[in-house]
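The block underneath contains the structure these notes are about, expressed in structure tokens.
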Amino acid sequence: MRRAICPGSFDPVTVGHLDLAERAAAIFDEVVVCVMVNGEKRTMFTPRQRLEMVQAAVEHLPNVRAALWEGLLADFARREGARALVKGARGGTDFDWEYQMAQINRDLWPALDTVILPARAEHLHISSTMVRDMLRHGQRLEPYVPAGALEALRMIQEGKKEDGK
Ligand code: PNS
């Protein structure tokens with residue numbers, strides 16, 4: 001069983017993330033999309049909300065599941081018995097960053113390798129940062145957020161309104 005991890009903040013998950021998970025699912029037997037919790041990073045959505053959106057986004061993929069992890073990614077991969085991390089790169093800047101992360105993760109667990117997949121051309125301009133901005137300005141998110149996740153996001157927003165947050 002070849003298992004891979006697709007890690008990220010997913011604040012929120014985008015169509016670019018889903019494309020990566022789908023492509024990873026075509027290469028590996030099983031893929032775990034892991035929502036990482038970074039105490040230092042301020043996020044728009046809580047870890048559980050990010051997990052709910054990722055779960056909804058990958059629901060249609062039989063060999064993909066979502067998980068939440070607070071700590072080192074290499075530790076999560078080892079716990080899952082996954083020897084590959086799958087990351088996307090939209091260009092040179094992403095690649096340089098992922099290259100560094102790949103070295104660090106291999107230092108932490110030498111059996112762990114990183115597969116970097118080039119983003120599709122139509123997704124090059126899409127990021128969670130851009131989606132958060134569109135959300136703040138009340139713009140439609142259909143082209144940027146997977147349909148299942150959009151439904152989960154709407155429910156999260158309804159909950160916020162009811163809580164008066
Ligand atoms: O979606 P993002 O924010 O680009 O994802 C970055 C993420 C969460 C994959 C990265 O920050 C990460 O792997 N964090 C977990 C902590 C860790 O293992 N760091 C590497 C060694 S210091």
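Residues in the structure tokens are numbered from 1 in each chain, the chains being A, B, ... in the order shown, and ligands are numbered from 1 in the order shown.
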* Nearby residues, ligand 1, 6 Å, only C-alpha atoms and all ligand atoms, as a list in words -> Pro7, Gly8, Ser9, Phe10, Met36, Gly71, Leu72, Leu73, Ala74 and Ile104 of chain A
Could the residues in this selection be saved with all heavy atoms as an mmCIF file, in the first residue's frame?
```cif
data_model
loop_
_atom_site.group_PDB
_atom_site.id
_atom_site.type_symbol
_atom_site.label_atom_id
_atom_site.label_comp_id
_atom_site.auth_asym_id
_atom_site.auth_seq_id
_atom_site.Cartn_x
_atom_site.Cartn_y
_atom_site.Cartn_z
ATOM 1 N N PRO A 7 -0.239 17.819 2.561
ATOM 2 C CA PRO A 7 -0.422 18.703 3.716
ATOM 3 C C PRO A 7 -0.688 20.155 3.319
ATOM 4 O O PRO A 7 -0.367 20.578 2.206
ATOM 5 C CB PRO A 7 0.949 18.611 4.401
ATOM 6 C CG PRO A 7 1.887 18.481 3.247
ATOM 7 C CD PRO A 7 1.166 17.782 2.125
ATOM 8 N N GLY A 8 -1.263 20.913 4.238
ATOM 9 C CA GLY A 8 -1.460 22.336 3.970
ATOM 10 C C GLY A 8 -2.248 22.979 5.087
ATOM 11 O O GLY A 8 -2.717 22.302 6.006
ATOM 12 N N SER A 9 -2.397 24.307 4.974
ATOM 13 C CA SER A 9 -3.226 25.022 5.949
ATOM 14 C C SER A 9 -4.705 24.947 5.538
ATOM 15 O O SER A 9 -5.594 24.949 6.385
ATOM 16 C CB SER A 9 -2.802 26.489 6.032
ATOM 17 O OG SER A 9 -1.448 26.587 6.387
ATOM 18 N N PHE A 10 -4.959 24.977 4.242
ATOM 19 C CA PHE A 10 -6.321 24.872 3.695
ATOM 20 C C PHE A 10 -7.261 25.893 4.353
ATOM 21 O O PHE A 10 -8.296 25.530 4.907
ATOM 22 C CB PHE A 10 -6.865 23.445 3.840
ATOM 23 C CG PHE A 10 -5.979 22.414 3.210
ATOM 24 C CD1 PHE A 10 -5.265 21.509 3.994
ATOM 25 C CD2 PHE A 10 -5.825 22.353 1.839
ATOM 26 C CE1 PHE A 10 -4.425 20.569 3.417
ATOM 27 C CE2 PHE A 10 -4.984 21.416 1.242
ATOM 28 C CZ PHE A 10 -4.278 20.521 2.047
ATOM 29 N N MET A 36 -2.925 21.071 8.617
ATOM 30 C CA MET A 36 -1.898 21.294 9.623
ATOM 31 C C MET A 36 -2.288 22.466 10.528
ATOM 32 O O MET A 36 -2.789 23.495 10.050
ATOM 33 C CB MET A 36 -0.557 21.610 8.949
ATOM 34 C CG MET A 36 -0.075 20.555 7.978
ATOM 35 S SD MET A 36 0.246 18.960 8.743
ATOM 36 C CE MET A 36 1.588 19.383 9.833
ATOM 37 N N GLY A 71 1.543 19.589 14.883
ATOM 38 C CA GLY A 71 2.901 19.100 15.133
ATOM 39 C C GLY A 71 3.676 19.000 13.846
ATOM 40 O O GLY A 71 3.306 19.608 12.834
ATOM 41 N N LEU A 72 4.735 18.221 13.896
ATOM 42 C CA LEU A 72 5.587 18.092 12.715
ATOM 43 C C LEU A 72 4.935 17.194 11.677
ATOM 44 O O LEU A 72 4.415 16.121 12.002
ATOM 45 C CB LEU A 72 6.936 17.491 13.107
ATOM 46 C CG LEU A 72 7.932 18.404 13.808
ATOM 47 C CD1 LEU A 72 9.178 17.607 14.184
ATOM 48 C CD2 LEU A 72 8.310 19.593 12.936
ATOM 49 N N LEU A 73 5.028 17.638 10.437
ATOM 50 C CA LEU A 73 4.479 16.866 9.328
ATOM 51 C C LEU A 73 5.188 15.508 9.210
ATOM 52 O O LEU A 73 4.545 14.480 8.956
ATOM 53 C CB LEU A 73 4.666 17.701 8.056
ATOM 54 C CG LEU A 73 4.207 17.127 6.741
ATOM 55 C CD1 LEU A 73 2.749 16.711 6.813
ATOM 56 C CD2 LEU A 73 4.435 18.155 5.639
ATOM 57 N N ALA A 74 6.504 15.513 9.408
ATOM 58 C CA ALA A 74 7.268 14.258 9.291
ATOM 59 C C ALA A 74 6.764 13.225 10.316
ATOM 60 O O ALA A 74 6.718 12.030 10.014
ATOM 61 C CB ALA A 74 8.752 14.534 9.489
ATOM 62 N N ILE A 104 14.185 19.642 4.725
ATOM 63 C CA ILE A 104 13.958 19.619 6.174
ATOM 64 C C ILE A 104 13.189 18.353 6.563
ATOM 65 O O ILE A 104 13.545 17.659 7.521
ATOM 66 C CB ILE A 104 13.192 20.886 6.626
ATOM 67 C CG1 ILE A 104 14.087 22.114 6.466
ATOM 68 C CG2 ILE A 104 12.710 20.755 8.073
ATOM 69 C CD1 ILE A 104 13.395 23.430 6.635
#
```
* Asked: Which of segment 2-145 of chain A counts as alpha helix (DSSP H) under DSSP, as an NGL selection string please?
  -> :A and (15-27 or 47-58 or 73-80 or 92-108 or 128-136)
Just-selected residues, C-alpha atoms written as an mmCIF file, in the first residue's frame:
```
data_model
loop_
_atom_site.group_PDB
_atom_site.id
_atom_site.type_symbol
_atom_site.label_atom_id
_atom_site.label_comp_id
_atom_site.auth_asym_id
_atom_site.auth_seq_id
_atom_site.Cartn_x
_atom_site.Cartn_y
_atom_site.Cartn_z
ATOM 1 C CA VAL A 15 -9.859 24.037 -6.457
ATOM 2 C CA GLY A 16 -6.055 23.996 -6.823
ATOM 3 C CA HIS A 17 -5.745 21.906 -3.629
ATOM 4 C CA LEU A 18 -8.475 19.548 -4.829
ATOM 5 C CA ASP A 19 -6.744 19.118 -8.182
ATOM 6 C CA LEU A 20 -3.555 18.170 -6.334
ATOM 7 C CA ALA A 21 -5.410 15.621 -4.163
ATOM 8 C CA GLU A 22 -7.058 14.110 -7.263
ATOM 9 C CA ARG A 23 -3.738 13.820 -9.079
ATOM 10 C CA ALA A 24 -2.068 12.314 -6.004
ATOM 11 C CA ALA A 25 -4.965 9.831 -5.729
ATOM 12 C CA ALA A 26 -4.267 8.688 -9.294
ATOM 13 C CA ILE A 27 -0.619 7.970 -8.443
ATOM 14 C CA PRO A 47 -8.719 23.817 12.404
ATOM 15 C CA ARG A 48 -12.031 21.940 12.659
ATOM 16 C CA GLN A 49 -13.733 24.202 10.109
ATOM 17 C CA ARG A 50 -10.800 23.752 7.710
ATOM 18 C CA LEU A 51 -11.047 19.988 8.205
ATOM 19 C CA GLU A 52 -14.816 20.032 7.515
ATOM 20 C CA MET A 53 -14.254 21.906 4.250
ATOM 21 C CA VAL A 54 -11.479 19.536 3.151
ATOM 22 C CA GLN A 55 -13.628 16.507 4.042
ATOM 23 C CA ALA A 56 -16.471 17.879 1.948
ATOM 24 C CA ALA A 57 -14.115 18.639 -0.955
ATOM 25 C CA VAL A 58 -12.655 15.104 -1.154
ATOM 26 C CA LEU A 73 4.479 16.866 9.328
ATOM 27 C CA ALA A 74 7.268 14.258 9.291
ATOM 28 C CA ASP A 75 5.847 12.769 12.521
ATOM 29 C CA PHE A 76 2.387 12.538 10.971
ATOM 30 C CA ALA A 77 3.780 10.854 7.851
ATOM 31 C CA ARG A 78 5.696 8.341 9.964
ATOM 32 C CA ARG A 79 2.595 7.615 12.055
ATOM 33 C CA GLU A 80 0.584 7.020 8.882
ATOM 34 C CA GLY A 92 9.657 29.144 -9.088
ATOM 35 C CA THR A 93 8.923 30.805 -5.758
ATOM 36 C CA ASP A 94 6.704 27.909 -4.647
ATOM 37 C CA PHE A 95 9.267 25.427 -5.919
ATOM 38 C CA ASP A 96 12.176 27.062 -4.030
ATOM 39 C CA TRP A 97 10.137 26.971 -0.807
ATOM 40 C CA GLU A 98 9.005 23.379 -1.310
ATOM 41 C CA TYR A 99 12.561 22.357 -2.136
ATOM 42 C CA GLN A 100 13.715 23.665 1.265
ATOM 43 C CA MET A 101 10.783 22.032 3.049
ATOM 44 C CA ALA A 102 11.566 18.731 1.321
ATOM 45 C CA GLN A 103 15.149 18.822 2.646
ATOM 46 C CA ILE A 104 13.958 19.619 6.174
ATOM 47 C CA ASN A 105 11.356 16.867 6.123
ATOM 48 C CA ARG A 106 13.939 14.382 4.882
ATOM 49 C CA ASP A 107 16.292 15.441 7.691
ATOM 50 C CA LEU A 108 13.469 14.753 10.149
ATOM 51 C CA SER A 128 -6.310 30.608 -0.144
ATOM 52 C CA THR A 129 -5.176 34.212 0.464
ATOM 53 C CA MET A 130 -7.058 35.351 -2.637
ATOM 54 C CA VAL A 131 -10.152 33.346 -1.664
ATOM 55 C CA ARG A 132 -10.172 34.917 1.824
ATOM 56 C CA ASP A 133 -10.035 38.358 0.220
ATOM 57 C CA MET A 134 -12.911 37.514 -2.140
ATOM 58 C CA LEU A 135 -14.880 36.273 0.867
ATOM 59 C CA ARG A 136 -14.244 39.478 2.843
#
```
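Of the residues listed (A:Ala82, A:Ile126, A:Val115, A:Ala66), A:Ile126 shows the shortest atom-to-atom separation from Pro143 of chain A; distances use only C-alpha atoms.
Distances from A:Trp69, A:Phe28, A:Phe45, A:Tyr144 to Leu124 of chain A were compared using only C-alpha atoms, and the smallest one belongs to A:Tyr144.
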When you look at segment 83-85 of chain A with a cut-off of 7 Å (counting only C-alpha atoms), what residues show up, excluding the ones that are within fewer than 5 positions of it in the same chain? I need them as a PDB file with N, CA and C atoms, in the first residue's frame.
```pdb
ATOM      1  N   ARG A   3       1.072   5.008   0.377  1.00  0.00           N
ATOM      2  CA  ARG A   3       0.245   6.086   0.932  1.00  0.00           C
ATOM      3  C   ARG A   3       1.011   7.412   0.857  1.00  0.00           C
ATOM      4  N   ALA A   4       0.294   8.458   0.528  1.00  0.00           N
ATOM      5  CA  ALA A   4       0.927   9.786   0.453  1.00  0.00           C
ATOM      6  C   ALA A   4       0.127  10.782   1.275  1.00  0.00           C
ATOM      7  N   ILE A   5       0.824  11.826   1.697  1.00  0.00           N
ATOM      8  CA  ILE A   5       0.181  12.896   2.459  1.00  0.00           C
ATOM      9  C   ILE A   5       0.195  14.176   1.624  1.00  0.00           C
ATOM     10  N   CYS A   6      -0.966  14.835   1.544  1.00  0.00           N
ATOM     11  CA  CYS A   6      -1.050  16.177   0.941  1.00  0.00           C
ATOM     12  C   CYS A   6      -1.272  17.154   2.095  1.00  0.00           C
ATOM     13  N   ALA A  77       3.512  11.787   8.957  1.00  0.00           N
ATOM     14  CA  ALA A  77       3.780  10.854   7.851  1.00  0.00           C
ATOM     15  C   ALA A  77       4.267   9.512   8.407  1.00  0.00           C
ATOM     16  N   ALA A 111      13.374   8.510   5.398  1.00  0.00           N
ATOM     17  CA  ALA A 111      12.601   7.700   4.441  1.00  0.00           C
ATOM     18  C   ALA A 111      11.542   8.528   3.703  1.00  0.00           C
ATOM     19  N   LEU A 112      11.372   9.764   4.148  1.00  0.00           N
ATOM     20  CA  LEU A 112      10.277  10.588   3.610  1.00  0.00           C
ATOM     21  C   LEU A 112      10.731  11.426   2.414  1.00  0.00           C
ATOM     22  N   ASP A 113      10.041  11.248   1.293  1.00  0.00           N
ATOM     23  CA  ASP A 113      10.391  12.047   0.111  1.00  0.00           C
ATOM     24  C   ASP A 113       9.216  12.952  -0.274  1.00  0.00           C
ATOM     25  N   THR A 114       9.513  13.936  -1.104  1.00  0.00           N
ATOM     26  CA  THR A 114       8.478  14.901  -1.511  1.00  0.00           C
ATOM     27  C   THR A 114       8.305  14.869  -3.026  1.00  0.00           C
ATOM     28  N   VAL A 115       7.053  14.760  -3.438  1.00  0.00           N
ATOM     29  CA  VAL A 115       6.718  14.782  -4.865  1.00  0.00           C
ATOM     30  C   VAL A 115       6.106  16.155  -5.138  1.00  0.00           C
TER      31      VAL A 115
END
```
* Asked: Could you name the residues that touch Leu150 of chain A at 10 Å or less, counting only C-alpha atoms, but leaving out those on the same chain fewer than 2 positions away, as a list of chain:residue names?
  -> A:Pro12, A:Val13, A:Thr14, A:Met53, A:Ala56, A:Ala57, A:Leu141, A:Glu142, A:Tyr144, A:Val145, A:Pro146, A:Ala147, A:Gly148, A:Ala152, A:Leu153, A:Arg154, A:Met155, A:Ile156
Could you save those same residues with all heavy atoms as a CSV table (one decimal), in the first residue's frame?
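Heads up, here's the output in selection26.csv:
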```csv
chain,number,residue,atom,x,y,z
A,12,PRO,N,-9.2,28.8,3.1
A,12,PRO,CA,-9.8,27.5,3.0
A,12,PRO,C,-9.2,26.7,1.8
A,12,PRO,O,-8.4,27.2,1.1
A,12,PRO,CB,-11.3,27.9,2.7
A,12,PRO,CG,-11.1,29.1,1.8
A,12,PRO,CD,-9.9,29.8,2.3
A,13,VAL,N,-9.7,25.5,1.7
A,13,VAL,CA,-9.3,24.6,0.6
A,13,VAL,C,-9.8,25.3,-0.8
A,13,VAL,O,-10.8,25.9,-0.8
A,13,VAL,CB,-9.9,23.2,0.8
A,13,VAL,CG1,-11.5,23.2,0.7
A,13,VAL,CG2,-9.4,22.2,-0.3
A,14,THR,N,-9.0,25.1,-1.8
A,14,THR,CA,-9.3,25.7,-3.1
A,14,THR,C,-9.4,24.6,-4.2
A,14,THR,O,-9.0,23.5,-3.9
A,14,THR,CB,-8.2,26.7,-3.5
A,14,THR,OG1,-7.0,26.0,-3.8
A,14,THR,CG2,-7.9,27.8,-2.5
A,53,MET,N,-14.2,21.5,5.7
A,53,MET,CA,-14.3,21.9,4.2
A,53,MET,C,-13.4,20.9,3.4
A,53,MET,O,-13.9,20.6,2.3
A,53,MET,CB,-13.7,23.3,4.1
A,53,MET,CG,-14.7,24.4,4.6
A,53,MET,SD,-14.2,26.1,4.4
A,53,MET,CE,-13.2,26.4,5.8
A,56,ALA,N,-15.4,17.7,2.9
A,56,ALA,CA,-16.5,17.9,1.9
A,56,ALA,C,-15.9,17.9,0.5
A,56,ALA,O,-16.5,17.4,-0.4
A,56,ALA,CB,-17.3,19.2,2.2
A,57,ALA,N,-14.7,18.5,0.4
A,57,ALA,CA,-14.1,18.6,-1.0
A,57,ALA,C,-13.7,17.3,-1.5
A,57,ALA,O,-13.7,17.1,-2.7
A,57,ALA,CB,-12.9,19.6,-0.9
A,141,LEU,N,-17.5,32.7,-4.9
A,141,LEU,CA,-16.4,31.9,-4.7
A,141,LEU,C,-16.4,30.6,-5.6
A,141,LEU,O,-15.5,29.8,-5.6
A,141,LEU,CB,-16.2,31.4,-3.3
A,141,LEU,CG,-16.1,32.5,-2.2
A,141,LEU,CD1,-16.0,32.0,-0.8
A,141,LEU,CD2,-14.9,33.4,-2.5
A,142,GLU,N,-17.5,30.5,-6.4
A,142,GLU,CA,-17.7,29.2,-7.2
A,142,GLU,C,-16.5,28.8,-8.0
A,142,GLU,O,-16.1,27.7,-8.0
A,142,GLU,CB,-18.9,29.4,-8.1
A,142,GLU,CG,-20.2,29.1,-7.5
A,142,GLU,CD,-20.8,30.3,-6.7
A,142,GLU,OE1,-20.1,31.3,-6.6
A,142,GLU,OE2,-21.8,30.1,-6.0
A,144,TYR,N,-13.4,29.2,-7.4
A,144,TYR,CA,-12.2,29.0,-6.7
A,144,TYR,C,-12.2,27.9,-5.6
A,144,TYR,O,-11.2,27.4,-5.2
A,144,TYR,CB,-11.8,30.3,-6.0
A,144,TYR,CG,-11.9,31.5,-7.0
A,144,TYR,CD1,-12.8,32.5,-6.8
A,144,TYR,CD2,-11.1,31.5,-8.1
A,144,TYR,CE1,-12.9,33.6,-7.7
A,144,TYR,CE2,-11.2,32.6,-9.0
A,144,TYR,CZ,-12.1,33.6,-8.8
A,144,TYR,OH,-12.2,34.6,-9.7
A,145,VAL,N,-13.4,27.7,-5.1
A,145,VAL,CA,-13.6,26.7,-4.0
A,145,VAL,C,-14.4,25.5,-4.5
A,145,VAL,O,-15.4,25.7,-5.1
A,145,VAL,CB,-14.3,27.4,-2.8
A,145,VAL,CG1,-14.6,26.4,-1.7
A,145,VAL,CG2,-13.5,28.6,-2.2
A,146,PRO,N,-14.0,24.3,-4.2
A,146,PRO,CA,-14.7,23.1,-4.7
A,146,PRO,C,-16.1,23.1,-4.2
A,146,PRO,O,-16.4,23.6,-3.1
A,146,PRO,CB,-13.9,21.9,-4.0
A,146,PRO,CG,-12.6,22.4,-3.7
A,146,PRO,CD,-12.8,23.9,-3.4
A,147,ALA,N,-17.1,22.6,-5.0
A,147,ALA,CA,-18.5,22.7,-4.7
A,147,ALA,C,-18.9,22.2,-3.3
A,147,ALA,O,-19.6,22.8,-2.6
A,147,ALA,CB,-19.3,22.0,-5.8
A,148,GLY,N,-18.3,21.0,-2.9
A,148,GLY,CA,-18.7,20.4,-1.6
A,148,GLY,C,-18.2,21.3,-0.5
A,148,GLY,O,-18.9,21.5,0.5
A,152,ALA,N,-20.1,23.5,2.8
A,152,ALA,CA,-19.6,23.5,4.2
A,152,ALA,C,-19.3,24.9,4.6
A,152,ALA,O,-19.6,25.3,5.8
A,152,ALA,CB,-18.4,22.6,4.3
A,153,LEU,N,-18.7,25.7,3.7
A,153,LEU,CA,-18.3,27.1,4.1
A,153,LEU,C,-19.6,27.9,4.4
A,153,LEU,O,-19.6,28.7,5.3
A,153,LEU,CB,-17.5,27.7,2.9
A,153,LEU,CG,-16.7,29.0,3.2
A,153,LEU,CD1,-15.5,29.0,2.2
A,153,LEU,CD2,-17.5,30.2,3.0
A,154,ARG,N,-20.6,27.7,3.6
A,154,ARG,CA,-21.9,28.4,3.8
A,154,ARG,C,-22.4,28.1,5.1
A,154,ARG,O,-22.9,28.9,5.9
A,154,ARG,CB,-22.9,28.1,2.7
A,154,ARG,CG,-22.5,28.8,1.4
A,154,ARG,CD,-23.7,28.9,0.4
A,154,ARG,NE,-23.2,29.5,-0.9
A,154,ARG,CZ,-23.1,28.8,-2.0
A,154,ARG,NH1,-23.4,27.5,-2.0
A,154,ARG,NH2,-22.6,29.4,-3.1
A,155,MET,N,-22.4,26.8,5.5
A,155,MET,CA,-22.9,26.4,6.8
A,155,MET,C,-22.1,27.0,7.9
A,155,MET,O,-22.6,27.4,9.0
A,155,MET,CB,-22.9,24.8,6.9
A,155,MET,CG,-24.1,24.3,6.1
A,155,MET,SD,-24.0,22.5,5.9
A,155,MET,CE,-24.4,22.0,7.5
A,156,ILE,N,-20.8,27.1,7.8
A,156,ILE,CA,-19.9,27.7,8.8
A,156,ILE,C,-20.3,29.1,9.0
A,156,ILE,O,-20.4,29.7,10.1
A,156,ILE,CB,-18.4,27.5,8.4
A,156,ILE,CG1,-18.0,26.1,8.5
A,156,ILE,CG2,-17.5,28.4,9.3
A,156,ILE,CD1,-16.7,25.7,7.8
```
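For the pair atom CA of Glu70 of chain A and atom CA of Val33 of chain A, the interatomic distance is 13.7 Å.
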* To do: Report as a ChimeraX atom specification: the residues of chain A with a DSSP assignment of strand (DSSP E or B), based on the backbone of this structure.
  => /A:3-8,30-37,64-70,84-89,113-118
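From atom CA of Asp29 of chain A back to atom CA of Leu61 of chain A, the distance works out to 11.6 Å.
Between atom CA of Asn63 of chain A and atom CA of Val32 of chain A the separation is 8.5 Å.
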